[in-house]
file input_38.cif (mmCIF, N, CA and C atoms)
data_start
#
loop_
_atom_site.label_atom_id
_atom_site.label_comp_id
_atom_site.auth_asym_id
_atom_site.auth_seq_id
_atom_site.Cartn_x
_atom_site.Cartn_y
_atom_site.Cartn_z
N MET A 841 -5.36 14.34 -75.37
CA MET A 841 -6.05 14.17 -76.64
C MET A 841 -5.69 15.35 -77.54
N ARG A 842 -5.26 15.04 -78.72
CA ARG A 842 -4.89 16.08 -79.67
C ARG A 842 -6.13 16.49 -80.47
N PRO A 843 -6.25 17.82 -80.78
CA PRO A 843 -7.41 18.26 -81.57
C PRO A 843 -7.52 17.55 -82.91
N ASN A 844 -6.40 17.16 -83.49
CA ASN A 844 -6.47 16.48 -84.78
C ASN A 844 -6.80 15.00 -84.63
N MET A 845 -7.16 14.60 -83.40
CA MET A 845 -7.53 13.21 -83.18
C MET A 845 -8.82 12.86 -83.91
N ILE A 846 -9.64 13.86 -84.19
CA ILE A 846 -10.81 13.58 -85.01
C ILE A 846 -10.58 14.19 -86.38
N LYS A 847 -11.05 13.48 -87.38
CA LYS A 847 -11.00 14.03 -88.73
C LYS A 847 -12.06 15.11 -88.83
N ASN A 848 -12.32 15.57 -89.99
CA ASN A 848 -13.37 16.55 -90.20
C ASN A 848 -14.66 16.04 -89.57
N ALA A 849 -15.35 16.89 -88.84
CA ALA A 849 -16.56 16.48 -88.13
C ALA A 849 -17.64 15.95 -89.07
N HIS A 850 -17.72 16.51 -90.26
CA HIS A 850 -18.69 16.00 -91.25
C HIS A 850 -18.40 14.54 -91.57
N ASP A 851 -17.12 14.21 -91.75
CA ASP A 851 -16.72 12.83 -92.06
C ASP A 851 -16.98 11.91 -90.88
N LEU A 852 -16.75 12.41 -89.66
CA LEU A 852 -17.00 11.60 -88.48
C LEU A 852 -18.48 11.24 -88.38
N ILE A 853 -19.36 12.20 -88.67
CA ILE A 853 -20.80 11.95 -88.63
C ILE A 853 -21.19 10.94 -89.71
N LEU A 854 -20.65 11.09 -90.93
CA LEU A 854 -20.94 10.13 -92.00
C LEU A 854 -20.47 8.73 -91.63
N ASP A 855 -19.29 8.63 -91.01
CA ASP A 855 -18.78 7.33 -90.56
C ASP A 855 -19.72 6.71 -89.53
N MET A 856 -20.19 7.53 -88.58
CA MET A 856 -21.10 7.02 -87.56
C MET A 856 -22.37 6.48 -88.20
N GLU A 857 -22.93 7.24 -89.13
CA GLU A 857 -24.17 6.81 -89.79
C GLU A 857 -23.96 5.49 -90.52
N LYS A 858 -22.85 5.36 -91.25
CA LYS A 858 -22.57 4.11 -91.98
C LYS A 858 -22.35 2.96 -91.01
N ASN A 859 -21.54 3.20 -89.99
CA ASN A 859 -21.24 2.12 -89.04
C ASN A 859 -22.49 1.67 -88.29
N PHE A 860 -23.32 2.63 -87.87
CA PHE A 860 -24.54 2.27 -87.17
C PHE A 860 -25.49 1.50 -88.09
N SER A 861 -25.53 1.86 -89.35
CA SER A 861 -26.36 1.14 -90.31
C SER A 861 -25.88 -0.30 -90.44
N ASP A 862 -24.57 -0.47 -90.56
CA ASP A 862 -24.00 -1.81 -90.67
C ASP A 862 -24.28 -2.64 -89.40
N ILE A 863 -24.08 -2.02 -88.25
CA ILE A 863 -24.32 -2.71 -86.97
C ILE A 863 -25.79 -3.08 -86.86
N ASN A 864 -26.66 -2.15 -87.22
CA ASN A 864 -28.10 -2.40 -87.14
C ASN A 864 -28.50 -3.59 -88.00
N ASN A 865 -27.98 -3.64 -89.22
CA ASN A 865 -28.32 -4.73 -90.14
C ASN A 865 -27.87 -6.09 -89.62
N LYS A 866 -26.82 -6.10 -88.80
CA LYS A 866 -26.31 -7.37 -88.25
C LYS A 866 -26.90 -7.67 -86.88
N SER A 867 -27.77 -6.81 -86.39
CA SER A 867 -28.27 -6.95 -85.02
C SER A 867 -29.79 -6.95 -84.94
N GLU A 868 -30.42 -7.55 -85.90
CA GLU A 868 -31.88 -7.68 -85.91
C GLU A 868 -32.58 -6.33 -85.70
N ASN A 869 -32.02 -5.29 -86.28
CA ASN A 869 -32.60 -3.95 -86.28
C ASN A 869 -32.77 -3.34 -84.89
N LYS A 870 -31.98 -3.79 -83.93
CA LYS A 870 -32.04 -3.19 -82.60
C LYS A 870 -31.66 -1.71 -82.64
N GLY A 871 -30.81 -1.34 -83.56
CA GLY A 871 -30.43 0.07 -83.72
C GLY A 871 -31.62 0.94 -84.09
N GLU A 872 -32.54 0.40 -84.89
CA GLU A 872 -33.74 1.15 -85.24
C GLU A 872 -34.60 1.43 -84.01
N ILE A 873 -34.65 0.46 -83.11
CA ILE A 873 -35.41 0.65 -81.87
C ILE A 873 -34.77 1.76 -81.04
N PHE A 874 -33.45 1.72 -80.95
CA PHE A 874 -32.74 2.77 -80.20
C PHE A 874 -32.94 4.12 -80.87
N GLN A 875 -32.88 4.17 -82.20
CA GLN A 875 -33.08 5.43 -82.93
C GLN A 875 -34.48 5.97 -82.69
N SER A 876 -35.47 5.10 -82.63
CA SER A 876 -36.84 5.54 -82.34
C SER A 876 -36.91 6.18 -80.96
N PHE A 877 -36.20 5.59 -80.00
CA PHE A 877 -36.13 6.16 -78.66
C PHE A 877 -35.49 7.54 -78.71
N LEU A 878 -34.37 7.67 -79.42
CA LEU A 878 -33.71 8.97 -79.54
C LEU A 878 -34.63 10.00 -80.19
N ASP A 879 -35.32 9.60 -81.24
CA ASP A 879 -36.25 10.50 -81.92
C ASP A 879 -37.33 11.00 -80.96
N GLU A 880 -37.82 10.12 -80.11
CA GLU A 880 -38.85 10.49 -79.13
C GLU A 880 -38.29 11.45 -78.09
N VAL A 881 -37.10 11.15 -77.59
CA VAL A 881 -36.49 12.01 -76.56
C VAL A 881 -36.14 13.38 -77.13
N PHE A 882 -35.59 13.41 -78.34
CA PHE A 882 -35.11 14.66 -78.92
C PHE A 882 -36.16 15.32 -79.82
N LYS A 883 -37.37 15.41 -79.33
CA LYS A 883 -38.38 16.20 -80.03
C LYS A 883 -38.83 17.32 -79.09
N ASP A 884 -39.38 18.37 -79.69
CA ASP A 884 -39.87 19.47 -78.87
C ASP A 884 -40.94 18.97 -77.91
N SER A 885 -40.80 19.33 -76.67
CA SER A 885 -41.78 18.99 -75.66
C SER A 885 -41.69 20.07 -74.58
N HIS A 886 -41.48 19.69 -73.35
CA HIS A 886 -41.31 20.68 -72.30
C HIS A 886 -40.02 21.47 -72.50
N LEU A 887 -39.04 20.81 -73.10
CA LEU A 887 -37.78 21.46 -73.50
C LEU A 887 -37.70 21.43 -75.02
N SER A 888 -37.13 22.47 -75.59
CA SER A 888 -36.95 22.51 -77.04
C SER A 888 -35.83 21.56 -77.45
N VAL A 889 -35.82 21.18 -78.72
CA VAL A 889 -34.74 20.34 -79.24
C VAL A 889 -33.40 21.04 -79.06
N LYS A 890 -33.37 22.35 -79.27
CA LYS A 890 -32.12 23.11 -79.09
C LYS A 890 -31.61 22.97 -77.66
N THR A 891 -32.50 23.13 -76.68
CA THR A 891 -32.09 23.01 -75.28
C THR A 891 -31.60 21.61 -74.99
N LYS A 892 -32.30 20.59 -75.49
CA LYS A 892 -31.88 19.21 -75.28
C LYS A 892 -30.52 18.95 -75.92
N ALA A 893 -30.29 19.51 -77.09
CA ALA A 893 -29.00 19.32 -77.76
C ALA A 893 -27.88 19.99 -76.97
N LEU A 894 -28.15 21.15 -76.39
CA LEU A 894 -27.13 21.82 -75.57
C LEU A 894 -26.85 21.03 -74.29
N ILE A 895 -27.87 20.43 -73.72
CA ILE A 895 -27.65 19.52 -72.59
C ILE A 895 -26.78 18.36 -73.06
N GLY A 896 -27.06 17.86 -74.25
CA GLY A 896 -26.25 16.78 -74.83
C GLY A 896 -24.79 17.18 -75.00
N VAL A 897 -24.56 18.42 -75.41
CA VAL A 897 -23.18 18.91 -75.54
C VAL A 897 -22.48 18.83 -74.19
N ALA A 898 -23.13 19.36 -73.16
CA ALA A 898 -22.52 19.37 -71.83
C ALA A 898 -22.26 17.94 -71.33
N LEU A 899 -23.24 17.07 -71.48
CA LEU A 899 -23.06 15.69 -71.03
C LEU A 899 -21.97 14.97 -71.83
N SER A 900 -21.88 15.27 -73.11
CA SER A 900 -20.87 14.63 -73.96
C SER A 900 -19.46 15.04 -73.57
N VAL A 901 -19.28 16.32 -73.27
CA VAL A 901 -17.97 16.80 -72.81
C VAL A 901 -17.66 16.15 -71.45
N GLN A 902 -18.65 16.10 -70.58
CA GLN A 902 -18.47 15.49 -69.26
C GLN A 902 -18.11 14.01 -69.39
N LYS A 903 -18.79 13.29 -70.31
CA LYS A 903 -18.53 11.87 -70.52
C LYS A 903 -17.26 11.61 -71.33
N GLN A 904 -16.72 12.66 -71.95
CA GLN A 904 -15.49 12.59 -72.73
C GLN A 904 -15.62 11.63 -73.91
N CYS A 905 -16.69 11.84 -74.68
CA CYS A 905 -16.98 11.00 -75.85
C CYS A 905 -16.89 11.87 -77.10
N LYS A 906 -15.84 11.67 -77.89
CA LYS A 906 -15.65 12.51 -79.07
C LYS A 906 -16.80 12.38 -80.07
N TRP A 907 -17.33 11.16 -80.24
CA TRP A 907 -18.43 10.99 -81.17
C TRP A 907 -19.68 11.71 -80.67
N CYS A 908 -19.92 11.58 -79.36
CA CYS A 908 -21.10 12.22 -78.76
C CYS A 908 -21.00 13.74 -78.84
N ILE A 909 -19.81 14.26 -78.63
CA ILE A 909 -19.61 15.72 -78.72
C ILE A 909 -19.94 16.19 -80.13
N THR A 910 -19.37 15.54 -81.12
CA THR A 910 -19.60 15.94 -82.51
C THR A 910 -21.07 15.81 -82.88
N TYR A 911 -21.70 14.72 -82.49
CA TYR A 911 -23.12 14.51 -82.76
C TYR A 911 -23.96 15.61 -82.11
N SER A 912 -23.68 15.91 -80.85
CA SER A 912 -24.47 16.90 -80.10
C SER A 912 -24.24 18.31 -80.62
N VAL A 913 -23.01 18.64 -80.97
CA VAL A 913 -22.73 19.96 -81.55
C VAL A 913 -23.51 20.11 -82.85
N ASN A 914 -23.48 19.09 -83.69
CA ASN A 914 -24.21 19.13 -84.95
C ASN A 914 -25.71 19.31 -84.71
N LEU A 915 -26.28 18.55 -83.78
CA LEU A 915 -27.70 18.65 -83.48
C LEU A 915 -28.05 20.04 -82.93
N ALA A 916 -27.19 20.58 -82.08
CA ALA A 916 -27.44 21.91 -81.53
C ALA A 916 -27.43 22.97 -82.63
N LEU A 917 -26.43 22.92 -83.50
CA LEU A 917 -26.35 23.90 -84.58
C LEU A 917 -27.55 23.79 -85.52
N LYS A 918 -27.93 22.56 -85.85
CA LYS A 918 -29.07 22.35 -86.75
C LYS A 918 -30.37 22.87 -86.14
N ASN A 919 -30.41 23.00 -84.83
CA ASN A 919 -31.62 23.45 -84.15
C ASN A 919 -31.50 24.87 -83.61
N GLY A 920 -30.60 25.64 -84.22
CA GLY A 920 -30.55 27.07 -83.96
C GLY A 920 -29.60 27.56 -82.89
N ALA A 921 -28.80 26.68 -82.31
CA ALA A 921 -27.85 27.14 -81.31
C ALA A 921 -26.73 27.93 -81.96
N THR A 922 -26.25 28.93 -81.27
CA THR A 922 -25.11 29.70 -81.74
C THR A 922 -23.81 29.04 -81.25
N LYS A 923 -22.70 29.43 -81.85
CA LYS A 923 -21.41 28.95 -81.38
C LYS A 923 -21.22 29.28 -79.91
N GLU A 924 -21.64 30.48 -79.54
CA GLU A 924 -21.47 30.92 -78.16
C GLU A 924 -22.27 30.04 -77.19
N GLU A 925 -23.48 29.66 -77.59
CA GLU A 925 -24.29 28.80 -76.74
C GLU A 925 -23.66 27.41 -76.61
N VAL A 926 -23.12 26.90 -77.69
CA VAL A 926 -22.47 25.59 -77.65
C VAL A 926 -21.24 25.64 -76.74
N TYR A 927 -20.43 26.68 -76.89
CA TYR A 927 -19.27 26.83 -76.00
C TYR A 927 -19.71 26.92 -74.55
N GLU A 928 -20.74 27.69 -74.27
CA GLU A 928 -21.20 27.85 -72.90
C GLU A 928 -21.66 26.52 -72.31
N ALA A 929 -22.35 25.71 -73.10
CA ALA A 929 -22.75 24.39 -72.64
C ALA A 929 -21.52 23.54 -72.29
N GLY A 930 -20.49 23.64 -73.13
CA GLY A 930 -19.25 22.93 -72.85
C GLY A 930 -18.60 23.39 -71.57
N TRP A 931 -18.64 24.70 -71.33
CA TRP A 931 -18.03 25.24 -70.11
C TRP A 931 -18.78 24.80 -68.85
N VAL A 932 -20.08 24.56 -68.96
CA VAL A 932 -20.82 24.01 -67.82
C VAL A 932 -20.23 22.65 -67.45
N ALA A 933 -19.95 21.84 -68.46
CA ALA A 933 -19.35 20.52 -68.21
C ALA A 933 -17.98 20.67 -67.57
N VAL A 934 -17.19 21.61 -68.03
CA VAL A 934 -15.85 21.83 -67.48
C VAL A 934 -15.96 22.27 -66.02
N ALA A 935 -16.93 23.14 -65.73
CA ALA A 935 -17.10 23.62 -64.35
C ALA A 935 -17.37 22.45 -63.40
N LEU A 936 -18.08 21.45 -63.88
CA LEU A 936 -18.41 20.31 -63.02
C LEU A 936 -17.43 19.16 -63.16
N GLY A 937 -16.72 19.10 -64.28
CA GLY A 937 -15.85 17.95 -64.54
C GLY A 937 -14.37 18.22 -64.40
N GLY A 938 -13.98 19.47 -64.33
CA GLY A 938 -12.57 19.78 -64.14
C GLY A 938 -11.72 19.63 -65.38
N PHE A 939 -10.43 19.44 -65.12
CA PHE A 939 -9.44 19.46 -66.20
C PHE A 939 -9.69 18.39 -67.25
N SER A 940 -10.09 17.19 -66.84
CA SER A 940 -10.30 16.13 -67.84
C SER A 940 -11.41 16.52 -68.82
N SER A 941 -12.44 17.19 -68.33
CA SER A 941 -13.48 17.69 -69.24
C SER A 941 -12.95 18.82 -70.10
N TYR A 942 -12.12 19.65 -69.51
CA TYR A 942 -11.53 20.78 -70.24
C TYR A 942 -10.77 20.30 -71.47
N THR A 943 -10.07 19.18 -71.35
CA THR A 943 -9.30 18.69 -72.50
C THR A 943 -10.20 18.35 -73.68
N TYR A 944 -11.44 17.97 -73.41
CA TYR A 944 -12.37 17.62 -74.47
C TYR A 944 -13.02 18.84 -75.13
N MET A 945 -12.75 20.01 -74.59
CA MET A 945 -13.20 21.23 -75.26
C MET A 945 -12.50 21.37 -76.61
N GLN A 946 -11.35 20.71 -76.77
CA GLN A 946 -10.66 20.70 -78.06
C GLN A 946 -11.54 20.06 -79.14
N ILE A 947 -12.20 18.98 -78.78
CA ILE A 947 -13.08 18.28 -79.72
C ILE A 947 -14.29 19.15 -80.02
N LEU A 948 -14.83 19.80 -78.99
CA LEU A 948 -15.96 20.71 -79.19
C LEU A 948 -15.56 21.83 -80.16
N ALA A 949 -14.40 22.43 -79.94
CA ALA A 949 -13.94 23.53 -80.81
C ALA A 949 -13.72 23.05 -82.24
N LYS A 950 -13.12 21.88 -82.41
CA LYS A 950 -12.90 21.34 -83.75
C LYS A 950 -14.22 21.04 -84.44
N SER A 951 -15.15 20.46 -83.70
CA SER A 951 -16.47 20.17 -84.28
C SER A 951 -17.17 21.45 -84.69
N LEU A 952 -17.12 22.46 -83.84
CA LEU A 952 -17.74 23.75 -84.18
C LEU A 952 -17.10 24.36 -85.41
N ASN A 953 -15.78 24.32 -85.47
CA ASN A 953 -15.09 24.91 -86.62
C ASN A 953 -15.48 24.20 -87.92
N ASP A 954 -15.63 22.89 -87.85
CA ASP A 954 -15.99 22.13 -89.05
C ASP A 954 -17.46 22.29 -89.44
N LEU A 955 -18.34 22.30 -88.45
CA LEU A 955 -19.77 22.22 -88.71
C LEU A 955 -20.46 23.56 -88.86
N ALA A 956 -19.90 24.61 -88.29
CA ALA A 956 -20.56 25.92 -88.30
C ALA A 956 -20.10 26.76 -89.48
N LYS A 957 -19.96 26.13 -90.62
CA LYS A 957 -19.51 26.85 -91.83
C LYS A 957 -20.65 27.00 -92.78
#
call {"tool": "encode", "arguments": {"input": "input_38.cif", "output": "structure tokens"}}
result
Amino acid sequence: MRPNMIKNAHDLILDMEKNFSDINNKSENKGEIFQSFLDEVFKDSHLSVKTKALIGVALSVQKQCKWCITYSVNLALKNGATKEEVYEAGWVAVALGGFSSYTYMQILAKSLNDLAK
């Protein structure tokens, strides 16, 4: 996977929001139900939103999902995570996932470079 495989992370997030809106409108608002679930899961509770977002970063790198990585990096930064914390979460995924997870650190780095400005 080449780092330039994703466009600017801001644009990727905007595309996701538009596409999910379109899909939701054609799917009897099932997307709204899923979004409500996400909102419930990603609220402060026993774990902070920042901690949950960092877990999301690690899982996204492990699952090798470029959209999930960008979404989770954005959520982590918006909730006070530092670049160093985001990288560390990614490295946890690499430690457990090996080289294939390591290749997705490129997407994490690109997302951080675009979003942490």
call {"tool": "axis_aligned_box", "arguments": {"input": "input_38.cif", "around": "stretch 916-919 of chain A", "padding_each_side": "8 Å", "output": "JSON"}}
result
{"center_x": -29.0, "center_y": 22.7, "center_z": -84.1, "size_x": 21.3, "size_y": 20.3, "size_z": 21.2}
call {"tool": "atom_distance", "arguments": {"input": "input_38.cif", "atom1": "atom CA of A:His850", "atom2": "atom N of A:Trp907"}}
result
12.1 Å
call {"tool": "closest_residue", "arguments": {"input": "input_38.cif", "among": "A:Leu915, A:Leu899, A:Met856, A:Cys908", "to": "A:Lys883", "atoms": "only C-alpha atoms"}}
result
A:Leu915
call {"tool": "residues_around", "arguments": {"input": "input_38.cif", "residues": "A:Thr910", "least_positions_apart": "5", "cutoff": "7 Å", "atoms": "only N, CA and C atoms", "output": "ChimeraX atom specification"}}
result
/A:849,853,905,915,947-948,951
call {"tool": "closest_residue", "arguments": {"input": "input_38.cif", "among": "A:Asn864, A:Asn859, A:Gln902, A:Ser888", "to": "A:Ala933", "atoms": "all atoms listed in the file"}}
result
A:Gln902
call {"tool": "atom_distance", "arguments": {"input": "input_38.cif", "atom1": "atom N of A:Ala949", "atom2": "atom CA of A:Phe882"}}
result
22.1 Å
call {"tool": "closest_residue", "arguments": {"input": "input_38.cif", "among": "A:Val901, A:Met945, A:Leu852, A:Ala956", "to": "A:Ala916", "atoms": "only C-alpha atoms"}}
result
A:Ala956
call {"tool": "resolve_selection", "arguments": {"input": "input_38.cif", "expression": "the PyMOL selection byres ((chain A and resi 921-924) around 8)", "output": "mmCIF file with N, CA and C atoms, in the coordinates of the input"}}
result
data_model
loop_
_atom_site.group_PDB
_atom_site.id
_atom_site.type_symbol
_atom_site.label_atom_id
_atom_site.label_comp_id
_atom_site.auth_asym_id
_atom_site.auth_seq_id
_atom_site.Cartn_x
_atom_site.Cartn_y
_atom_site.Cartn_z
ATOM 1 N N VAL A 889 -35.820 21.180 -78.720
ATOM 2 C CA VAL A 889 -34.740 20.340 -79.240
ATOM 3 C C VAL A 889 -33.400 21.040 -79.060
ATOM 4 N N LYS A 890 -33.370 22.350 -79.270
ATOM 5 C CA LYS A 890 -32.120 23.110 -79.090
ATOM 6 C C LYS A 890 -31.610 22.970 -77.660
ATOM 7 N N THR A 891 -32.500 23.130 -76.680
ATOM 8 C CA THR A 891 -32.090 23.010 -75.280
ATOM 9 C C THR A 891 -31.600 21.610 -74.990
ATOM 10 N N LEU A 894 -28.150 21.150 -76.390
ATOM 11 C CA LEU A 894 -27.130 21.820 -75.570
ATOM 12 C C LEU A 894 -26.850 21.030 -74.290
ATOM 13 N N LEU A 915 -26.280 18.550 -83.780
ATOM 14 C CA LEU A 915 -27.700 18.650 -83.480
ATOM 15 C C LEU A 915 -28.050 20.040 -82.930
ATOM 16 N N ALA A 916 -27.190 20.580 -82.080
ATOM 17 C CA ALA A 916 -27.440 21.910 -81.530
ATOM 18 C C ALA A 916 -27.430 22.970 -82.630
ATOM 19 N N LEU A 917 -26.430 22.920 -83.500
ATOM 20 C CA LEU A 917 -26.350 23.900 -84.580
ATOM 21 C C LEU A 917 -27.550 23.790 -85.520
ATOM 22 N N LYS A 918 -27.930 22.560 -85.850
ATOM 23 C CA LYS A 918 -29.070 22.350 -86.750
ATOM 24 C C LYS A 918 -30.370 22.870 -86.140
ATOM 25 N N ASN A 919 -30.410 23.000 -84.830
ATOM 26 C CA ASN A 919 -31.620 23.450 -84.150
ATOM 27 C C ASN A 919 -31.500 24.870 -83.610
ATOM 28 N N GLY A 920 -30.600 25.640 -84.220
ATOM 29 C CA GLY A 920 -30.550 27.070 -83.960
ATOM 30 C C GLY A 920 -29.600 27.560 -82.890
ATOM 31 N N GLU A 925 -23.480 29.660 -77.590
ATOM 32 C CA GLU A 925 -24.290 28.800 -76.740
ATOM 33 C C GLU A 925 -23.660 27.410 -76.610
ATOM 34 N N VAL A 926 -23.120 26.900 -77.690
ATOM 35 C CA VAL A 926 -22.470 25.590 -77.650
ATOM 36 C C VAL A 926 -21.240 25.640 -76.740
ATOM 37 N N TYR A 927 -20.430 26.680 -76.890
ATOM 38 C CA TYR A 927 -19.270 26.830 -76.000
ATOM 39 C C TYR A 927 -19.710 26.920 -74.550
ATOM 40 N N GLU A 928 -20.740 27.690 -74.270
ATOM 41 C CA GLU A 928 -21.200 27.850 -72.900
ATOM 42 C C GLU A 928 -21.660 26.520 -72.310
ATOM 43 N N ALA A 929 -22.350 25.710 -73.100
ATOM 44 C CA ALA A 929 -22.750 24.390 -72.640
ATOM 45 C C ALA A 929 -21.520 23.540 -72.290
ATOM 46 N N GLY A 930 -20.490 23.640 -73.130
ATOM 47 C CA GLY A 930 -19.250 22.930 -72.850
ATOM 48 C C GLY A 930 -18.600 23.390 -71.570
ATOM 49 N N LEU A 952 -17.120 22.460 -83.840
ATOM 50 C CA LEU A 952 -17.740 23.750 -84.180
ATOM 51 C C LEU A 952 -17.100 24.360 -85.410
ATOM 52 N N ALA A 956 -19.900 24.610 -88.290
ATOM 53 C CA ALA A 956 -20.560 25.920 -88.300
ATOM 54 C C ALA A 956 -20.100 26.760 -89.480
#
call {"tool": "decode", "arguments": {"input": "input_38.cif", "residues": "stretch 873-881 of chain A", "atoms": "all heavy atoms", "output": "tab-separated table (two decimals), in the first residue's frame"}}
result
chain	number	residue	atom	x	y	z
A	873	ILE	N	-29.31	4.58	12.95
A	873	ILE	CA	-29.33	3.65	14.08
A	873	ILE	C	-27.90	3.25	14.45
A	873	ILE	O	-27.52	3.25	15.62
A	873	ILE	CB	-30.19	2.41	13.75
A	873	ILE	CG1	-31.64	2.84	13.55
A	873	ILE	CG2	-30.07	1.34	14.84
A	873	ILE	CD1	-32.52	1.79	12.90
A	874	PHE	N	-27.10	2.95	13.43
A	874	PHE	CA	-25.70	2.60	13.69
A	874	PHE	C	-24.96	3.78	14.30
A	874	PHE	O	-24.18	3.61	15.24
A	874	PHE	CB	-25.03	2.12	12.41
A	874	PHE	CG	-23.61	1.67	12.62
A	874	PHE	CD1	-23.33	0.54	13.37
A	874	PHE	CD2	-22.55	2.38	12.08
A	874	PHE	CE1	-22.03	0.13	13.58
A	874	PHE	CE2	-21.24	1.97	12.28
A	874	PHE	CZ	-20.98	0.84	13.03
A	875	GLN	N	-25.20	4.99	13.80
A	875	GLN	CA	-24.55	6.18	14.33
A	875	GLN	C	-24.93	6.40	15.79
A	875	GLN	O	-24.10	6.79	16.61
A	875	GLN	CB	-24.87	7.42	13.51
A	875	GLN	CG	-24.12	8.67	13.94
A	875	GLN	CD	-22.61	8.51	13.85
A	875	GLN	OE1	-22.07	8.16	12.80
A	875	GLN	NE2	-21.90	8.76	14.93
A	876	SER	N	-26.18	6.15	16.14
A	876	SER	CA	-26.61	6.26	17.54
A	876	SER	C	-25.83	5.28	18.42
A	876	SER	O	-25.44	5.62	19.54
A	876	SER	CB	-28.11	5.98	17.67
A	876	SER	OG	-28.84	6.99	17.04
A	877	PHE	N	-25.62	4.07	17.90
A	877	PHE	CA	-24.83	3.08	18.63
A	877	PHE	C	-23.40	3.59	18.82
A	877	PHE	O	-22.85	3.53	19.93
A	877	PHE	CB	-24.85	1.75	17.88
A	877	PHE	CG	-23.90	0.73	18.44
A	877	PHE	CD1	-24.16	0.11	19.66
A	877	PHE	CD2	-22.75	0.38	17.75
A	877	PHE	CE1	-23.29	-0.83	20.18
A	877	PHE	CE2	-21.87	-0.56	18.26
A	877	PHE	CZ	-22.13	-1.17	19.48
A	878	LEU	N	-22.80	4.12	17.75
A	878	LEU	CA	-21.44	4.66	17.86
A	878	LEU	C	-21.37	5.79	18.87
A	878	LEU	O	-20.43	5.87	19.68
A	878	LEU	CB	-20.94	5.16	16.50
A	878	LEU	CG	-20.60	4.11	15.45
A	878	LEU	CD1	-20.19	4.79	14.15
A	878	LEU	CD2	-19.53	3.18	15.93
A	879	ASP	N	-22.34	6.68	18.83
A	879	ASP	CA	-22.39	7.80	19.78
A	879	ASP	C	-22.44	7.29	21.21
A	879	ASP	O	-21.80	7.86	22.10
A	879	ASP	CB	-23.58	8.71	19.50
A	879	ASP	CG	-23.46	9.46	18.18
A	879	ASP	OD1	-22.35	9.55	17.62
A	879	ASP	OD2	-24.51	9.96	17.71
A	880	GLU	N	-23.20	6.24	21.45
A	880	GLU	CA	-23.31	5.67	22.79
A	880	GLU	C	-22.00	5.03	23.23
A	880	GLU	O	-21.54	5.21	24.35
A	880	GLU	CB	-24.45	4.63	22.82
A	880	GLU	CG	-24.69	4.02	24.17
A	880	GLU	CD	-25.18	5.00	25.22
A	880	GLU	OE1	-25.79	6.03	24.88
A	880	GLU	OE2	-24.94	4.73	26.41
A	881	VAL	N	-21.38	4.28	22.33
A	881	VAL	CA	-20.12	3.61	22.66
A	881	VAL	C	-19.00	4.63	22.89
A	881	VAL	O	-18.22	4.50	23.84
A	881	VAL	CB	-19.71	2.61	21.54
A	881	VAL	CG1	-18.30	2.09	21.74
A	881	VAL	CG2	-20.70	1.45	21.48
